[in-house]
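J.: Okay, handing you the structure first.
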Amino acid sequence: MKEPIIIGNWKMNMIIPDALKLITGIKNKLSGKHDAEVVISPSFTVLNSAHIALADSNIKLAAQNVSFADKGAYTGEVSAKMLVDVGCEYVIIGHSERRQYFHESNKDCNKKIAVCLEEGLTPIYCVGETLAERDAHKTLDVMELQLREGLTGFKVHDIENLVIAYEPVWAIGTGRSAESKDAESVHGFIREICASMFGGVVADKLRIIYGGSVTDENIQSIMKEKNINGVLVGGASLVLEKFTKIVKYNEE
Ligand code: 13P
């Protein structure tokens with residue numbers, strides 16, 4: 001298993017001056033050694049400035065979305081090659097906000113994962129059930145469908161570096177994080193499905209991370225779980241003290 005990965009998803013927040021201030025703070029506070037790989041995911045408009053500002057650090061960049069198409073007449077879209085051009089190494093795909101507001105399906109995610117792999121970008125594939133699905137005891141069915149449809153057609157070597165983010169929709173931005181034990185059992189199930197699709201060897205190495213109301217207060221209990229290999233942080237990643245405490249979860 002690689003080192004844990006901690007990703008700050010800034011969503012549609014921060015213009016360039018604010019972003020640069022936060023990045024300077026993060027770089028200063030994380031200049032020493034820490035146990036996790038750190039990734040931030042600002043908006044498209046901030047990526048280039050962030051890339052320049054991060055040049056002398058080991059903090060990496062993720063985009064929040066990518067076009068399924070590689071180039072051409074797709075007004076408003078941003079291609080995988082363009083993301084590589086501005087220094088991205090990761091792309092968040094299928095976030096529940098994109099599924100909810102922009103009607104992205106598992107099949108759309110599958111195409112987006114394919115274009116990322118083509119350009120050498122690592123997809124962070126988001127899965128997660130809604131509250132209604134959870135209440136109807138459909139969590140595992142939803143996970144299985146999102147994984148089987150989203151990851152269909154790929155080979156073992158394609159998905160070796162993939163990151164899967166389990167983000168229960170009801171836990172996002174609500175202050176109501178999943179209980180670590182509950183998240184752990186879904187993560188275990190996600191690993192089982194990946195093992196059935198790609199074999200146990202690669203599945204055992206996949207980083208499966210948790211997202212949904214992660215804070216500097218609940219990070220330690222989340223990271224204790226065996227099948228939780230990092231976190232995808234929304235709100236708390238915009239607050240310097242909170243994000244850097246999350247990254248240093250192992251130090252207190
Ligand atoms: P919050 O941490 O604000 O709940 O957001 C989680 C999320 O959506 C990360 O992608």
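Letters A, B, ... go to the chains of the structure tokens in the order shown; residues in each chain start at 1; ligands are counted from 1 in the same order.
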Quick check for you: according to DSSP on this backbone, which residues of region 30-222 of chain A are classed as alpha helix (DSSP H)? Reply as a count of residues only.

T.: 86

J.: Residues near Ile124 (chain A), anyone? I mean within 12 Å using only C-alpha atoms, not counting same-chain ones fewer than 6 positions away, as an MDAnalysis selection string.

T.: chainID A and resid 5:7 9 39 41 61:66 89:95 109:110 112:113 116:117 150:151 159 161:167 206:211 230:232

J.: Given only C-alpha atoms and all ligand atoms, how would the per-residue table for chain A near ligand 1 read, listing every residue at most 9 Å away with its closest atom pair and distance in Å to one decimal, sorted by chain and number, as CSV?

T.:
```
residue,atom,partner,partner_atom_place_in_ligand_line,distance
A:Ile7,CA,ligand 1,9 (C),8.3
A:Gly8,CA,ligand 1,9 (C),7.3
A:Asn9,CA,ligand 1,10 (O),5.2
A:Trp10,CA,ligand 1,10 (O),8.0
A:Lys11,CA,ligand 1,10 (O),7.6
A:Ile92,CA,ligand 1,10 (O),8.3
A:His95,CA,ligand 1,10 (O),6.6
A:Ser96,CA,ligand 1,8 (O),7.4
A:Glu97,CA,ligand 1,8 (O),7.6
A:Cys126,CA,ligand 1,10 (O),8.2
A:Ala165,CA,ligand 1,10 (O),8.3
A:Glu167,CA,ligand 1,8 (O),6.9
A:Pro168,CA,ligand 1,8 (O),9.0
A:Val169,CA,ligand 1,8 (O),8.0
A:Trp170,CA,ligand 1,4 (O),8.9
A:Ala171,CA,ligand 1,4 (O),6.0
A:Ile172,CA,ligand 1,4 (O),3.5
A:Gly173,CA,ligand 1,4 (O),3.5
A:Thr174,CA,ligand 1,4 (O),6.1
A:Gly175,CA,ligand 1,4 (O),6.5
A:Arg176,CA,ligand 1,4 (O),8.0
A:Ser177,CA,ligand 1,4 (O),7.6
A:Tyr210,CA,ligand 1,9 (C),8.7
A:Gly211,CA,ligand 1,6 (C),5.1
A:Gly212,CA,ligand 1,4 (O),3.9
A:Ser213,CA,ligand 1,4 (O),3.5
A:Val214,CA,ligand 1,2 (O),5.1
A:Thr215,CA,ligand 1,2 (O),7.3
A:Val231,CA,ligand 1,9 (C),8.4
A:Leu232,CA,ligand 1,9 (C),4.9
A:Val233,CA,ligand 1,2 (O),4.3
A:Gly234,CA,ligand 1,2 (O),3.4
A:Gly235,CA,ligand 1,3 (O),3.7
A:Ala236,CA,ligand 1,2 (O),6.0
A:Ser237,CA,ligand 1,2 (O),7.5
```

J.: Check the smallest atom-to-atom distance from each of A:His51, A:Lys242, A:His137, A:His157 to Glu217 (chain A) using only C-alpha atoms, then report the winner.

T.: A:Lys242

J.: Just list as a PyMOL selection string whatever in region 3-252 of chain A DSSP marks as strand (DSSP E or B).

T.: chain A and resi 5-9+37-41+60-63+90-93+122-127+163-166+207-211+230-233

J.: Between A:Leu30, A:Val84, A:Ala69, A:Ala178, which is the closest to Leu47 (chain A) once you count only C-alpha atoms?

T.: A:Val84

J.: Listing only residues of region 23-117 of chain A within 10 Å of region 244-252 of chain A, what is the closest atom pair and its distance in Å (to one decimal) for each, using only C-alpha atoms, sorted by chain and residue number ascending, as a tab-separated table?

T.:
```
residue	atom	partner	partner_atom	distance
A:Gly25	CA	A:Thr244	CA	9.1
A:Ile26	CA	A:Thr244	CA	6.6
A:Lys27	CA	A:Thr244	CA	9.4
A:Asn28	CA	A:Thr244	CA	9.9
A:Lys29	CA	A:Thr244	CA	6.7
A:Leu30	CA	A:Thr244	CA	6.9
A:Lys33	CA	A:Lys248	CA	9.2
A:His34	CA	A:Lys248	CA	6.3
A:Asp35	CA	A:Asn250	CA	7.4
A:Ala36	CA	A:Val247	CA	6.6
A:Glu37	CA	A:Val247	CA	8.6
A:Val38	CA	A:Val247	CA	7.4
```

J.: Can you list, as a compact mmCIF listing (two decimals) with all heavy atoms, in the first residue's frame, every protein, DNA or RNA residue that comes within 12 Å of Leu20 (chain A) when you count only C-alpha atoms, leaving out same-chain residues fewer than 6 positions away?

T.:
```
# COMPACT_ATOMS: atom_id res chain seq x y z
N MET A 14 -12.65 30.41 -3.82
CA MET A 14 -11.30 30.99 -3.93
C MET A 14 -10.99 31.56 -5.31
O MET A 14 -10.97 30.83 -6.30
CB MET A 14 -10.21 29.93 -3.62
CG MET A 14 -10.27 29.35 -2.26
SD MET A 14 -9.16 30.26 -1.18
CE MET A 14 -9.67 29.57 0.38
N ILE A 26 -0.22 26.80 3.56
CA ILE A 26 -0.12 25.33 3.58
C ILE A 26 1.35 24.92 3.41
O ILE A 26 1.86 24.06 4.13
CB ILE A 26 -0.99 24.70 2.45
CG1 ILE A 26 -2.48 24.95 2.71
CG2 ILE A 26 -0.73 23.20 2.35
CD1 ILE A 26 -3.40 24.50 1.58
N LYS A 27 2.03 25.57 2.47
CA LYS A 27 3.44 25.23 2.24
C LYS A 27 4.27 25.47 3.50
O LYS A 27 5.10 24.65 3.89
CB LYS A 27 4.00 26.09 1.09
CG LYS A 27 3.73 25.49 -0.28
CD LYS A 27 4.02 26.45 -1.41
CE LYS A 27 5.43 26.97 -1.43
NZ LYS A 27 5.66 27.89 -2.56
N PRO A 42 -8.07 23.09 -6.60
CA PRO A 42 -8.75 24.37 -6.79
C PRO A 42 -9.57 24.37 -8.09
O PRO A 42 -9.55 23.40 -8.84
CB PRO A 42 -7.59 25.38 -6.91
CG PRO A 42 -6.32 24.60 -6.83
CD PRO A 42 -6.66 23.15 -7.00
N VAL A 46 -7.75 28.76 -11.21
CA VAL A 46 -6.65 28.93 -10.24
C VAL A 46 -5.50 27.96 -10.52
O VAL A 46 -4.38 28.15 -10.03
CB VAL A 46 -7.22 28.75 -8.80
CG1 VAL A 46 -6.12 28.65 -7.77
CG2 VAL A 46 -8.18 29.89 -8.45
N LEU A 47 -5.75 26.94 -11.33
CA LEU A 47 -4.77 25.85 -11.45
C LEU A 47 -3.38 26.32 -11.87
O LEU A 47 -2.37 25.91 -11.29
CB LEU A 47 -5.27 24.78 -12.44
CG LEU A 47 -6.41 23.90 -11.92
CD1 LEU A 47 -6.95 23.01 -13.04
CD2 LEU A 47 -5.96 23.04 -10.75
N ASN A 48 -3.32 27.19 -12.87
CA ASN A 48 -2.00 27.59 -13.36
C ASN A 48 -1.21 28.35 -12.28
O ASN A 48 -0.03 28.05 -12.04
CB ASN A 48 -2.14 28.44 -14.63
CG ASN A 48 -0.81 28.62 -15.32
OD1 ASN A 48 -0.05 27.66 -15.47
ND2 ASN A 48 -0.50 29.84 -15.71
N SER A 49 -1.86 29.30 -11.64
CA SER A 49 -1.18 30.05 -10.56
C SER A 49 -0.78 29.11 -9.43
O SER A 49 0.30 29.24 -8.84
CB SER A 49 -2.09 31.13 -9.98
OG SER A 49 -2.67 31.87 -10.99
N ALA A 50 -1.66 28.16 -9.13
CA ALA A 50 -1.35 27.21 -8.05
C ALA A 50 -0.15 26.36 -8.43
O ALA A 50 0.74 26.10 -7.60
CB ALA A 50 -2.56 26.32 -7.77
N HIS A 51 -0.11 25.95 -9.66
CA HIS A 51 1.01 25.12 -10.13
C HIS A 51 2.33 25.85 -9.95
O HIS A 51 3.32 25.28 -9.45
CB HIS A 51 0.77 24.78 -11.61
CG HIS A 51 1.88 24.01 -12.24
ND1 HIS A 51 2.43 22.88 -11.68
CD2 HIS A 51 2.55 24.19 -13.41
CE1 HIS A 51 3.37 22.41 -12.46
NE2 HIS A 51 3.48 23.19 -13.52
N ILE A 52 2.35 27.12 -10.32
CA ILE A 52 3.58 27.92 -10.18
C ILE A 52 3.93 28.06 -8.69
O ILE A 52 5.08 27.87 -8.28
CB ILE A 52 3.41 29.29 -10.87
CG1 ILE A 52 3.23 29.08 -12.39
CG2 ILE A 52 4.60 30.22 -10.58
CD1 ILE A 52 2.72 30.28 -13.14
N ALA A 53 2.91 28.34 -7.89
CA ALA A 53 3.17 28.54 -6.45
C ALA A 53 3.63 27.26 -5.76
O ALA A 53 4.31 27.32 -4.74
CB ALA A 53 1.90 29.07 -5.78
N LEU A 54 3.25 26.12 -6.31
CA LEU A 54 3.59 24.84 -5.65
C LEU A 54 4.89 24.23 -6.17
O LEU A 54 5.32 23.16 -5.71
CB LEU A 54 2.46 23.82 -5.85
CG LEU A 54 1.15 24.11 -5.13
CD1 LEU A 54 0.06 23.14 -5.57
CD2 LEU A 54 1.33 24.05 -3.61
N LEU A 238 -10.50 24.48 3.22
CA LEU A 238 -10.40 25.92 2.93
C LEU A 238 -9.86 26.69 4.12
O LEU A 238 -9.63 27.89 4.04
CB LEU A 238 -11.78 26.48 2.56
CG LEU A 238 -12.43 25.87 1.31
CD1 LEU A 238 -13.89 26.28 1.22
CD2 LEU A 238 -11.68 26.30 0.06
N LEU A 240 -6.89 27.04 6.72
CA LEU A 240 -5.49 26.64 6.86
C LEU A 240 -5.22 25.74 8.05
O LEU A 240 -4.66 24.64 7.91
CB LEU A 240 -4.62 27.91 6.94
CG LEU A 240 -3.13 27.67 7.16
CD1 LEU A 240 -2.52 26.89 6.02
CD2 LEU A 240 -2.40 28.99 7.35
```

J.: Go through A:Ala55, A:Val201, A:Val156, A:Val142 and flag the residue nearest Gly128 (chain A), using only C-alpha atoms for the distances.

T.: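 Among A:Ala55, A:Val201, A:Val156, A:Val142, it is A:Val142 that comes nearest to Gly128 (chain A).
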